[in-house]
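start.cif, holding mmCIF, C-alpha atoms:
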```
data_target
#
loop_
_atom_site.label_atom_id
_atom_site.label_comp_id
_atom_site.auth_asym_id
_atom_site.auth_seq_id
_atom_site.Cartn_x
_atom_site.Cartn_y
_atom_site.Cartn_z
CA ASN A 1 37.23 8.98 53.83
CA LYS A 2 39.26 6.39 51.97
CA GLN A 3 39.13 2.74 52.88
CA LYS A 4 41.58 0.07 51.90
CA ILE A 5 41.52 -3.68 52.50
CA TYR A 6 44.48 -5.96 51.83
CA ILE A 7 44.00 -9.68 52.40
CA GLY A 8 46.80 -12.02 51.41
CA ASN A 9 46.40 -14.86 53.85
CA CYS A 10 45.28 -17.80 51.74
CA ILE A 11 41.68 -17.40 52.91
CA GLN A 12 40.53 -19.90 50.28
CA ALA A 13 36.98 -20.31 48.96
CA ASP A 14 35.24 -20.36 52.35
CA GLY A 15 37.04 -17.22 53.46
CA GLY A 16 36.00 -15.61 50.18
CA LYS A 17 32.36 -16.26 51.08
CA TYR A 18 32.72 -14.39 54.37
CA ILE A 19 34.63 -11.51 52.84
CA GLY A 20 32.07 -11.32 50.01
CA ARG A 21 29.27 -10.81 52.52
CA ALA A 22 31.21 -8.14 54.40
CA ILE A 23 32.46 -6.01 51.50
CA GLY A 24 28.95 -5.19 50.32
CA LYS A 25 28.59 -3.06 53.46
CA LEU A 26 31.74 -1.05 52.78
CA THR A 27 30.28 1.34 50.26
CA SER A 28 33.16 3.85 50.53
CA LEU A 29 35.87 1.23 49.94
CA ASN A 30 38.29 2.40 47.25
CA THR A 31 41.04 -0.27 47.33
CA LEU A 32 40.56 -4.01 47.56
CA ILE A 33 43.55 -6.33 47.30
CA LEU A 34 42.79 -10.05 47.44
CA GLU A 35 45.95 -11.33 45.83
CA ASP A 36 47.09 -14.93 46.33
CA ASN A 37 44.22 -16.31 48.42
CA LEU A 38 43.25 -19.50 46.57
CA LEU A 39 39.69 -18.20 46.23
CA GLU A 40 38.92 -20.46 43.28
CA GLN A 41 35.49 -20.42 41.63
CA VAL A 42 33.33 -20.56 44.77
CA GLY A 43 35.14 -17.77 46.59
CA MET A 44 35.06 -15.52 43.54
CA GLU A 45 31.34 -16.07 43.06
CA ALA A 46 30.69 -14.86 46.61
CA LEU A 47 33.01 -11.87 46.23
CA ALA A 48 31.60 -10.84 42.87
CA ASN A 49 28.13 -10.62 44.40
CA GLY A 50 29.44 -8.03 46.85
CA PHE A 51 31.11 -5.93 44.14
CA SER A 52 27.83 -4.36 42.97
CA LYS A 53 27.73 -2.04 46.01
CA LEU A 54 31.37 -0.95 45.75
CA THR A 55 30.76 2.04 43.51
CA SER A 56 33.72 3.94 45.03
CA LEU A 57 36.21 1.16 44.25
CA THR A 58 39.11 2.39 42.12
CA TYR A 59 41.70 -0.37 42.69
CA LEU A 60 40.99 -4.10 42.53
CA ASP A 61 43.60 -6.88 42.66
CA VAL A 62 42.30 -10.45 42.51
CA SER A 63 45.46 -11.93 41.01
CA LYS A 64 46.78 -15.43 41.75
CA ASN A 65 43.52 -16.96 42.96
CA ASN A 66 42.99 -19.79 40.45
CA ILE A 67 39.38 -18.77 39.84
CA GLY A 68 39.18 -20.60 36.51
CA SER A 69 36.64 -20.01 33.77
CA GLU A 70 33.56 -20.21 36.01
CA GLY A 71 35.08 -17.77 38.49
CA GLY A 72 35.91 -15.54 35.52
CA LYS A 73 32.25 -15.57 34.54
CA SER A 74 31.25 -14.45 38.05
CA LEU A 75 33.95 -11.79 38.07
CA GLY A 76 32.77 -10.52 34.67
CA GLU A 77 29.28 -10.05 36.08
CA GLY A 78 30.58 -8.51 39.30
CA ILE A 79 32.77 -5.83 37.73
CA LYS A 80 30.03 -4.39 35.52
CA LYS A 81 29.05 -1.92 38.23
CA LEU A 82 32.60 -0.89 39.12
CA VAL A 83 32.45 2.14 36.85
CA ASN A 84 35.09 4.09 38.82
CA LEU A 85 37.69 1.32 38.66
CA THR A 86 41.05 2.63 37.40
CA THR A 87 43.37 -0.28 38.23
CA PHE A 88 42.44 -3.93 37.78
CA ASN A 89 44.76 -6.92 38.23
CA VAL A 90 43.29 -10.30 37.40
CA SER A 91 46.54 -12.01 36.39
CA LYS A 92 47.39 -15.67 37.01
CA ASN A 93 43.84 -16.97 37.42
CA ASN A 94 43.60 -19.58 34.66
CA LEU A 95 40.50 -17.90 33.19
CA GLY A 96 40.63 -19.77 29.90
CA VAL A 97 38.58 -18.77 26.87
CA ALA A 98 35.14 -18.67 28.54
CA GLY A 99 36.36 -16.73 31.58
CA GLY A 100 38.23 -14.27 29.38
CA GLU A 101 35.18 -13.68 27.20
CA SER A 102 32.96 -13.12 30.26
CA LEU A 103 35.48 -10.76 31.76
CA SER A 104 35.59 -8.83 28.49
CA GLN A 105 31.81 -8.40 28.66
CA GLY A 106 32.07 -6.99 32.17
CA LEU A 107 34.88 -4.65 31.24
CA LYS A 108 32.72 -2.93 28.61
CA ASN A 109 31.18 -0.81 31.37
CA VAL A 110 34.49 0.04 33.05
CA THR A 111 35.59 2.96 30.89
CA SER A 112 37.74 4.61 33.58
CA LEU A 113 40.46 1.92 33.56
CA THR A 114 44.00 3.24 33.29
CA SER A 115 45.78 -0.04 34.15
CA LEU A 116 44.82 -3.61 33.29
CA ASP A 117 46.89 -6.70 34.11
CA ILE A 118 45.43 -9.89 32.68
CA HIS A 119 48.60 -11.89 31.95
CA SER A 120 48.97 -15.66 32.51
CA ASN A 121 45.32 -16.63 32.08
CA ASN A 122 45.36 -19.10 29.17
CA LEU A 123 42.99 -16.93 27.14
CA SER A 124 44.01 -18.44 23.79
CA VAL A 125 43.21 -16.75 20.48
CA GLU A 126 39.45 -16.52 21.08
CA GLY A 127 39.81 -14.97 24.53
CA ALA A 128 42.37 -12.50 23.22
CA LYS A 129 40.07 -11.61 20.33
CA SER A 130 37.20 -10.87 22.71
CA LEU A 131 39.45 -8.84 25.00
CA SER A 132 40.95 -6.85 22.12
CA LYS A 133 37.51 -5.57 21.10
CA VAL A 134 37.02 -4.09 24.56
CA ILE A 135 40.57 -2.78 25.00
CA CYS A 136 40.30 -0.74 21.78
CA LYS A 137 37.53 1.31 23.40
CA MET A 138 39.44 1.99 26.65
CA THR A 139 40.62 5.49 25.87
CA LYS A 140 42.12 6.13 29.34
CA LEU A 141 44.18 2.93 29.44
CA LYS A 142 47.88 3.67 29.97
CA CYS A 143 49.23 0.34 31.21
CA LEU A 144 48.32 -3.04 29.77
CA HIS A 145 49.94 -6.35 30.72
CA ILE A 146 48.70 -9.33 28.71
#
```

Starting from the coordinates I provided, produce the structure as structure tokens.
Amino acid sequence: NKQKIYIGNCIQADGGKYIGRAIGKLTSLNTLILEDNLLEQVGMEALANGFSKLTSLTYLDVSKNNIGSEGGKSLGEGIKKLVNLTTFNVSKNNLGVAGGESLSQGLKNVTSLTSLDIHSNNLSVEGAKSLSKVICKMTKLKCLHI
């Protein structure tokens, strides 16, 4: 019973709030694509709260949403419980150093990742350093785009 949701309609932050409330009820969801929706920080905070119940999620794409460093912090918290995640695209979100470090903390629990796309996020040296410590322990990782 696989479920997939693809939303690419520029739902913005307010739309992210509504989707965040709804996804928590979709416990068998395995694919969530929220690419290019201008979620920004507020929308990502709402979505990340719903992630904790998505234990079946294997594919997550939140690329091109301009979530910034604060949204990256929320996302880092939200992905901690996504232990079955195999593909994660968080590219083009302007995470910065703080967002990248928070995301790295969340990724420590996601040992099943086979593909990670985190390019174009302005991580700088410190963010890359934090991320590299986590990536070294991802033994299943086959595709990495930084």

Fill in: Near-Ile118 of chain A list (12 Å; all atoms listed in the file; drop same-chain fewer than 5 positions) as a VMD selection string
chain A and resid 61 to 64 72 87 to 96 99 to 100 103 to 104 107 123 127 to 128 131 to 132 135 143 to 146

Pull out every residue that the PyMOL selection byres ((chain A and resi 112) around 7) matches in the shown coordinates and put them as a PDB file with C-alpha atoms, in the coordinates of the input.
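Below you can see selection-v9.pdb, which holds the result:
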```
ATOM      1  CA  VAL A  83      32.450   2.140  36.850  1.00  0.00           C
ATOM      2  CA  ASN A  84      35.090   4.090  38.820  1.00  0.00           C
ATOM      3  CA  LEU A  85      37.690   1.320  38.660  1.00  0.00           C
ATOM      4  CA  THR A  86      41.050   2.630  37.400  1.00  0.00           C
ATOM      5  CA  VAL A 110      34.490   0.040  33.050  1.00  0.00           C
ATOM      6  CA  THR A 111      35.590   2.960  30.890  1.00  0.00           C
ATOM      7  CA  LEU A 113      40.460   1.920  33.560  1.00  0.00           C
ATOM      8  CA  THR A 114      44.000   3.240  33.290  1.00  0.00           C
ATOM      9  CA  LYS A 140      42.120   6.130  29.340  1.00  0.00           C
TER      10      LYS A 140
END
```

Worksheet entry | Matched chain/residue IDs from the PyMOL selection byres ((chain A and resi 52) around 10), as a PyMOL selection string | chain A and resi 23-24+27+47-51+53-55+77-82

Produce a file of the selected residues containing C-alpha atoms, as a compact mmCIF listing (two decimals), keeping the file's coordinate frame.
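Result file again_11.txt:
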```txt
# COMPACT_ATOMS: atom_id res chain seq x y z
CA ILE A 23 32.46 -6.01 51.50
CA GLY A 24 28.95 -5.19 50.32
CA THR A 27 30.28 1.34 50.26
CA LEU A 47 33.01 -11.87 46.23
CA ALA A 48 31.60 -10.84 42.87
CA ASN A 49 28.13 -10.62 44.40
CA GLY A 50 29.44 -8.03 46.85
CA PHE A 51 31.11 -5.93 44.14
CA LYS A 53 27.73 -2.04 46.01
CA LEU A 54 31.37 -0.95 45.75
CA THR A 55 30.76 2.04 43.51
CA GLU A 77 29.28 -10.05 36.08
CA GLY A 78 30.58 -8.51 39.30
CA ILE A 79 32.77 -5.83 37.73
CA LYS A 80 30.03 -4.39 35.52
CA LYS A 81 29.05 -1.92 38.23
CA LEU A 82 32.60 -0.89 39.12
```

Would you list the residues near (39.5, -18.4, 51.7) (no more than 8 Å away, in the coordinates of the file, using all atoms listed in the file) as a PDB file with C-alpha atoms, keeping the file's coordinate frame?
```
ATOM      1  CA  CYS A  10      45.280 -17.800  51.740  1.00  0.00           C
ATOM      2  CA  ILE A  11      41.680 -17.400  52.910  1.00  0.00           C
ATOM      3  CA  GLN A  12      40.530 -19.900  50.280  1.00  0.00           C
ATOM      4  CA  ALA A  13      36.980 -20.310  48.960  1.00  0.00           C
ATOM      5  CA  ASP A  14      35.240 -20.360  52.350  1.00  0.00           C
ATOM      6  CA  GLY A  15      37.040 -17.220  53.460  1.00  0.00           C
ATOM      7  CA  GLY A  16      36.000 -15.610  50.180  1.00  0.00           C
ATOM      8  CA  LYS A  17      32.360 -16.260  51.080  1.00  0.00           C
ATOM      9  CA  ASN A  37      44.220 -16.310  48.420  1.00  0.00           C
ATOM     10  CA  LEU A  38      43.250 -19.500  46.570  1.00  0.00           C
ATOM     11  CA  LEU A  39      39.690 -18.200  46.230  1.00  0.00           C
ATOM     12  CA  GLY A  43      35.140 -17.770  46.590  1.00  0.00           C
TER      13      GLY A  43
END
```

Practice prompt. Can you work out which one of A:Gln105, A:Gly20, A:Glu70, A:Gln3 has the shortest atom-to-atom distance to Leu57 of chain A, counting all atoms listed in the file?
Written response: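 Using all atoms listed in the file, Leu57 of chain A sits closest to A:Gln3.
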
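Minimum atom-to-atom distances from A:Ser74, A:Ser69, A:Thr31, A:Thr139 to Asn121 of chain A were compared using only C-alpha atoms, and the lowest value belongs to A:Ser69.
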